[in-house]
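Asker: One structure is given below, represented as structure tokens, and several questions about it will come after.
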Amino acid sequence: MAGAAGSGGASSSAVADWSLVFWTLCSVILPVLITLWCSFQRSRRQVLIRDIFRKSKHDWHYTDLFGQPSYCCVCAQHILQGAFCTGCGLRVSEGCLKKADQLFLCKEIMMRSDGGAHSSMPHHWIRGNVPLCCCCMICKQQCGTQPKLCDYRCVWCQYTVHDECMMDCLKTEECTFGEFRDLIIPPYYMSTINQMRKDKRTNYEKVVPYCRKHWMPVIILANTRSGNNMGETLLGEFKILLNPVQGQERYIPQVAILPLGTGNDLSNTLGWGAGYAGEVPVEQILRNVMEADGIKLDRWKVQVTNKGYYNLRKPKVFTMNNYFSVGPDALMALNFHAHREKTPSLFSSRIINKAVYFFYGTKDCLVQECKDLNKKVELELDGERIELPNLEGIIVLNIGYWGGGCRLWEGMGDEPYPLARHDDGLLEVVGVHGSFHCAQIQVKLANPVRLGQAHTVRLILKSSKMPMQVDGEPWAQGPCTVTITHKTHALMLYHSGEQTDDDASSVSEQDHIREQTDEDV
């Protein structure tokens with residue numbers, strides 16, 4: 001009896017142990033299996049969504065959280081996440097994406113041809129998710145105040161209408177393209193140009209939309225990796241207000257700068273500010289473009305010819321708008337560029353970008369990789385050899401600003417040097433003693449070594465390898481000859497509304513530049 005009892009006890013203990021092992025395995029394996037299944041379903045869903053995005057005529061983008069209260073344009077349910085079209089502004093839940101693609105047309109880049117010529121088009125109305133604080137074009141009362149899918153917006157003129165104010169006549173009424181009609185390329189214009197190309201006609205200037213004299217369509221270009229990585233978001237906002245295709249056919253455009261990067265020196269020079277972080281709505285940006293003045297900007301050819309008797313490679317040729325340099329600031333740019341290429345996800349903020357620049361600048365103060373530059377290079381300005389003092393860097397300037405907002409040529413302003421101009425066919429050439437000297441110049445504790453002004457700059461790197469950069473694009477360069485000559489002018493837009501303290505002293509100079517530009521034109 002005792003033996004049987006002992007055997008039964010051992011058996012029940014073994015069962016309990018195996019039960020414990022089984023439930024332990026279940027508690028470990030089951031979450032893993034659930035995670036794997038969810039991951040599989042998520043990846044499968046993403047593949048299906050990407051497939052819909054690829055085949056769609058809408059420019060869909062997926063977001064995990066909408067920036068304002070949003071409703072699905074198909075099922076009218078409130079949604080926190082889903083897809084939105086950067087062309088027409090439609091917002092849909094993930095489940096309604098395919099149906100929305102079938103039900104709604106996107107903003108047309110080109111008007112569908114029916115065999116005839118067009119000079120107008122009706123409104124293109126989209127229901128729901130109207131902009132905040134917009135007013136009805138009929139009753140002038142605020143739209144979008146109800147917590148549901150309601151009211152209409154035209155994707156071209158951006159006019160909004162209440163559901164109850166929408167009339168049949170509005171659905172067929174001619175669209176005026178709204179406040180920014182002078183900046184928009186209408187779809188029927190693109191259709192006309194396309195037909196002219198088929199007929200091999202090139203007199204595009206005769207086809208002016210709306211019969212307007214001041215039509216000046218804009219081109220939107222963005223570096224999506226610059227600064228705070230806001231470029232892609234801004235492109236979407238501009239697509240909603242303009243024709244998504246915008247570009248121009250034949251004419252040389254006037255260019256305005258939106259400062260998304262870290263340095264933004266050209267933007268600062270032209271009065272568009274030192275940095276943009278979304279504080280100004282894109283509508284105001286377009287108003288500023290319409291009010292801006294046209295000026296000229298010198299553009300320069302930078303030719304780099306490698307040394308060597310058996311060098312068969314063609315010279316490298318760059319176009320310079322801002323500045324060229326060899327030395328510590330080019331080294332900082334080169335290190336920054338290499339670091340960003342390895343880990344681009346880290347460089348999503350101007351503060352981080354400037355911190356990385358500061359780190360490499362501090363490192364160079366200690367290491368001094370560019371010391372004795374004056375022994376390694378020869379400098380000629382308009383054919384005249386320049387005797388160089390002890391330097392670590394040489395900077396050739398076309399514009400007034402350098403290094404993220406520093407007026408380098410004028411320095412501290414304690415000496416009577418003329419303001420640098422960007423349309424006089426002259427380059428300003430300065431030297432720096434090192435990274436610490438660059439930092440002193442930026443906080444107005446020191447002046448650069450002014451080497452002179454010239455129409456042509458020639459720099460000969462006799463030995464070793466040195467960092468160089470043109471407009472922030474750096475590389476390591478061996479022995480070579482660098483020749484900088486005038487290339488052409490670019491037509492730019494100058495905005496007088498954004499001025500720093502340093503700009504106050506140069507207002508009269510800019511006015512003089514614009515007056516001369518008007519005379520040239």
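Quick note on naming: the chains in the structure tokens go A, B, ... in the order shown, residues restart at 1 in each chain, and ligands are numbered from 1 in order of appearance.
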Quick one: residues within 9 Å of Leu242 of chain A, only C-alpha atoms, excluding same-chain residues fewer than 2 positions away - as a ChimeraX atom specification?

Answerer: /A:87,155-156,180-181,183-186,218,237-240,244-246

Asker: Out of segment 387-466 of chain A, which residues get helix (DSSP H, G or I) from DSSP, as a VMD selection string?

Answerer: chain A and resid 435 to 442

Asker: Could you tell me which of A:Lys140, A:Lys171, A:Arg42, A:Arg153 comes closest to Gly89 of chain A if we count only C-alpha atoms?

Answerer: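 When distances to Gly89 of chain A are compared using only C-alpha atoms, the smallest one comes from A:Arg153.
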
Asker: Would you compute the distance between atom CA of Asp298 of chain A and atom CA of Arg313 of chain A? Give it in Å to one decimal.

Answerer: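 Spanning atom CA of Asp298 of chain A to atom CA of Arg313 of chain A is a straight-line distance of 28.4 Å.
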
Asker: Looking only at strand (DSSP E or B) from DSSP on the backbone, list the matching residues of segment 252-432 of chain A as a PyMOL selection string.

Answerer: chain A and resi 255+293-306+316-320+323-326+377-381+384-386+393-397+401-402+406-407+427-432

Asker: I'd like the neighbourhood of Cys480 of chain A as a ChimeraX atom specification, where a residue qualifies if any of its atoms comes within 8 Å (using only C-alpha atoms), though same-chain residues fewer than 3 positions away should be ignored.

Answerer: /A:304-307,460-462,477

Asker: Would you output that residue set with N, CA and C atoms, as an mmCIF file, in the first residue's frame?

Answerer:
data_model
loop_
_atom_site.group_PDB
_atom_site.id
_atom_site.type_symbol
_atom_site.label_atom_id
_atom_site.label_comp_id
_atom_site.auth_asym_id
_atom_site.auth_seq_id
_atom_site.Cartn_x
_atom_site.Cartn_y
_atom_site.Cartn_z
ATOM 1 N N VAL A 304 38.043 72.185 -61.987
ATOM 2 C CA VAL A 304 39.109 71.544 -61.196
ATOM 3 C C VAL A 304 39.859 70.584 -62.107
ATOM 4 N N THR A 305 41.128 70.914 -62.394
ATOM 5 C CA THR A 305 41.957 70.101 -63.285
ATOM 6 C C THR A 305 43.020 69.407 -62.458
ATOM 7 N N ASN A 306 43.004 68.079 -62.439
ATOM 8 C CA ASN A 306 43.981 67.313 -61.667
ATOM 9 C C ASN A 306 45.363 67.434 -62.284
ATOM 10 N N LYS A 307 46.386 67.410 -61.430
ATOM 11 C CA LYS A 307 47.763 67.490 -61.911
ATOM 12 C C LYS A 307 48.253 66.113 -62.332
ATOM 13 N N ILE A 460 46.138 77.013 -57.086
ATOM 14 C CA ILE A 460 46.931 75.828 -57.435
ATOM 15 C C ILE A 460 47.288 75.084 -56.149
ATOM 16 N N LEU A 461 46.803 73.859 -56.023
ATOM 17 C CA LEU A 461 47.163 72.999 -54.892
ATOM 18 C C LEU A 461 48.374 72.179 -55.321
ATOM 19 N N LYS A 462 49.532 72.477 -54.723
ATOM 20 C CA LYS A 462 50.791 71.903 -55.194
ATOM 21 C C LYS A 462 51.039 70.501 -54.667
ATOM 22 N N GLN A 477 40.382 66.526 -52.286
ATOM 23 C CA GLN A 477 41.016 66.795 -53.578
ATOM 24 C C GLN A 477 42.536 66.719 -53.480
#

Asker: Can you list, as a count of residues only, every protein, DNA or RNA residue that comes within 7 Å of Lys465 of chain A when you count only C-alpha atoms, leaving out same-chain residues fewer than 3 positions away?

Answerer: 4

Asker: Any idea what the distance is between atom CA of Ala83 of chain A and atom CA of Trp60 of chain A?

Answerer: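 Taking atom CA of Ala83 of chain A as the start and atom CA of Trp60 of chain A as the end point, the length is 6.1 Å.
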
Asker: Name the residues in contact with Phe318 of chain A at a cut-off of 8 Å, using only C-alpha atoms, excluding same-chain residues fewer than 5 positions from it; report them as a list of chain:residue names.

Answerer: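 Listed by chain and then number, they are A:Lys301, A:Val302, A:Gln303, A:Val470.
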
Asker: Put those residues in a file: N, CA and C atoms, as a tab-separated table (two decimals), in the first residue's frame.

Answerer:
chain	number	residue	atom	x	y	z
A	301	LYS	N	31.59	79.46	-62.94
A	301	LYS	CA	32.09	78.14	-63.36
A	301	LYS	C	33.35	77.82	-62.56
A	302	VAL	N	33.33	76.67	-61.88
A	302	VAL	CA	34.48	76.21	-61.10
A	302	VAL	C	35.05	74.98	-61.80
A	303	GLN	N	36.23	75.11	-62.36
A	303	GLN	CA	36.86	73.99	-63.09
A	303	GLN	C	38.05	73.48	-62.28
A	470	VAL	N	32.03	73.27	-52.84
A	470	VAL	CA	31.32	74.27	-53.63
A	470	VAL	C	29.86	74.27	-53.17

Asker: Quick one: of A:Tyr71, A:Ile395, A:Leu331, A:Ile220, who's nearest to Gly247 of chain A, counting only C-alpha atoms?

Answerer: A:Ile220

Asker: Rounded to one decimal in Å, what is the spacing between atom CA of Met110 of chain A and atom CA of Pro131 of chain A?

Answerer: 25.3 Å

Asker: At a cut-off of 7 Å, using only C-alpha atoms, what residues contact Gly275 of chain A? Leave out same-chain residues fewer than 5 positions from it and give the result as a list in words.

Answerer: Pro259, Leu260 and Asn264 of chain A

Asker: Find the residues near Val430 of chain A: any atom within 7 Å, counting only C-alpha atoms, skip ones fewer than 4 places away on the same chain, and give them as a CSV table (one decimal) with N, CA and C atoms, in the first residue's frame.

Answerer:
chain,number,residue,atom,x,y,z
A,394,ILE,N,41.0,79.2,-47.3
A,394,ILE,CA,40.7,80.2,-48.3
A,394,ILE,C,39.3,80.1,-48.7
A,395,ILE,N,38.5,81.2,-48.7
A,395,ILE,CA,37.1,81.2,-49.0
A,395,ILE,C,36.9,82.2,-50.1
A,396,VAL,N,36.2,81.8,-51.2
A,396,VAL,CA,35.8,82.6,-52.3
A,396,VAL,C,34.3,82.9,-52.3
A,448,PRO,N,38.1,88.5,-41.0
A,448,PRO,CA,38.8,87.5,-41.8
A,448,PRO,C,40.1,88.2,-42.4
A,449,VAL,N,41.0,87.5,-43.0
A,449,VAL,CA,42.1,88.1,-43.7
A,449,VAL,C,41.6,88.4,-45.1
A,450,ARG,N,41.4,89.6,-45.4
A,450,ARG,CA,40.9,90.0,-46.8
A,450,ARG,C,42.0,90.0,-47.8
A,451,LEU,N,41.9,89.1,-48.8
A,451,LEU,CA,42.9,88.9,-49.8
A,451,LEU,C,42.7,89.7,-51.0

Asker: Find, counting only C-alpha atoms, the residue in A:Asn203, A:Asn374, A:Thr488, A:Asn353 that gets nearest to Asp424 of chain A.

Answerer: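 Counting only C-alpha atoms, the residue closest to Asp424 of chain A is A:Thr488.
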
Asker: Would you mind telling me which residue in A:Ser435, A:Cys136, A:Pro467, A:Ser19 lies nearest to Phe359 of chain A when using only C-alpha atoms?

Answerer: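 Residue with the minimum atom-to-atom distance to Phe359 of chain A: A:Ser435.
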
Asker: Just checking: using only C-alpha atoms, which residue out of A:Ile52, A:Val356, A:Ala292, A:Val280 ends up closest to Val255 of chain A?

Answerer: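 Ranked by minimum distance to Val255 of chain A, first place goes to A:Ala292.
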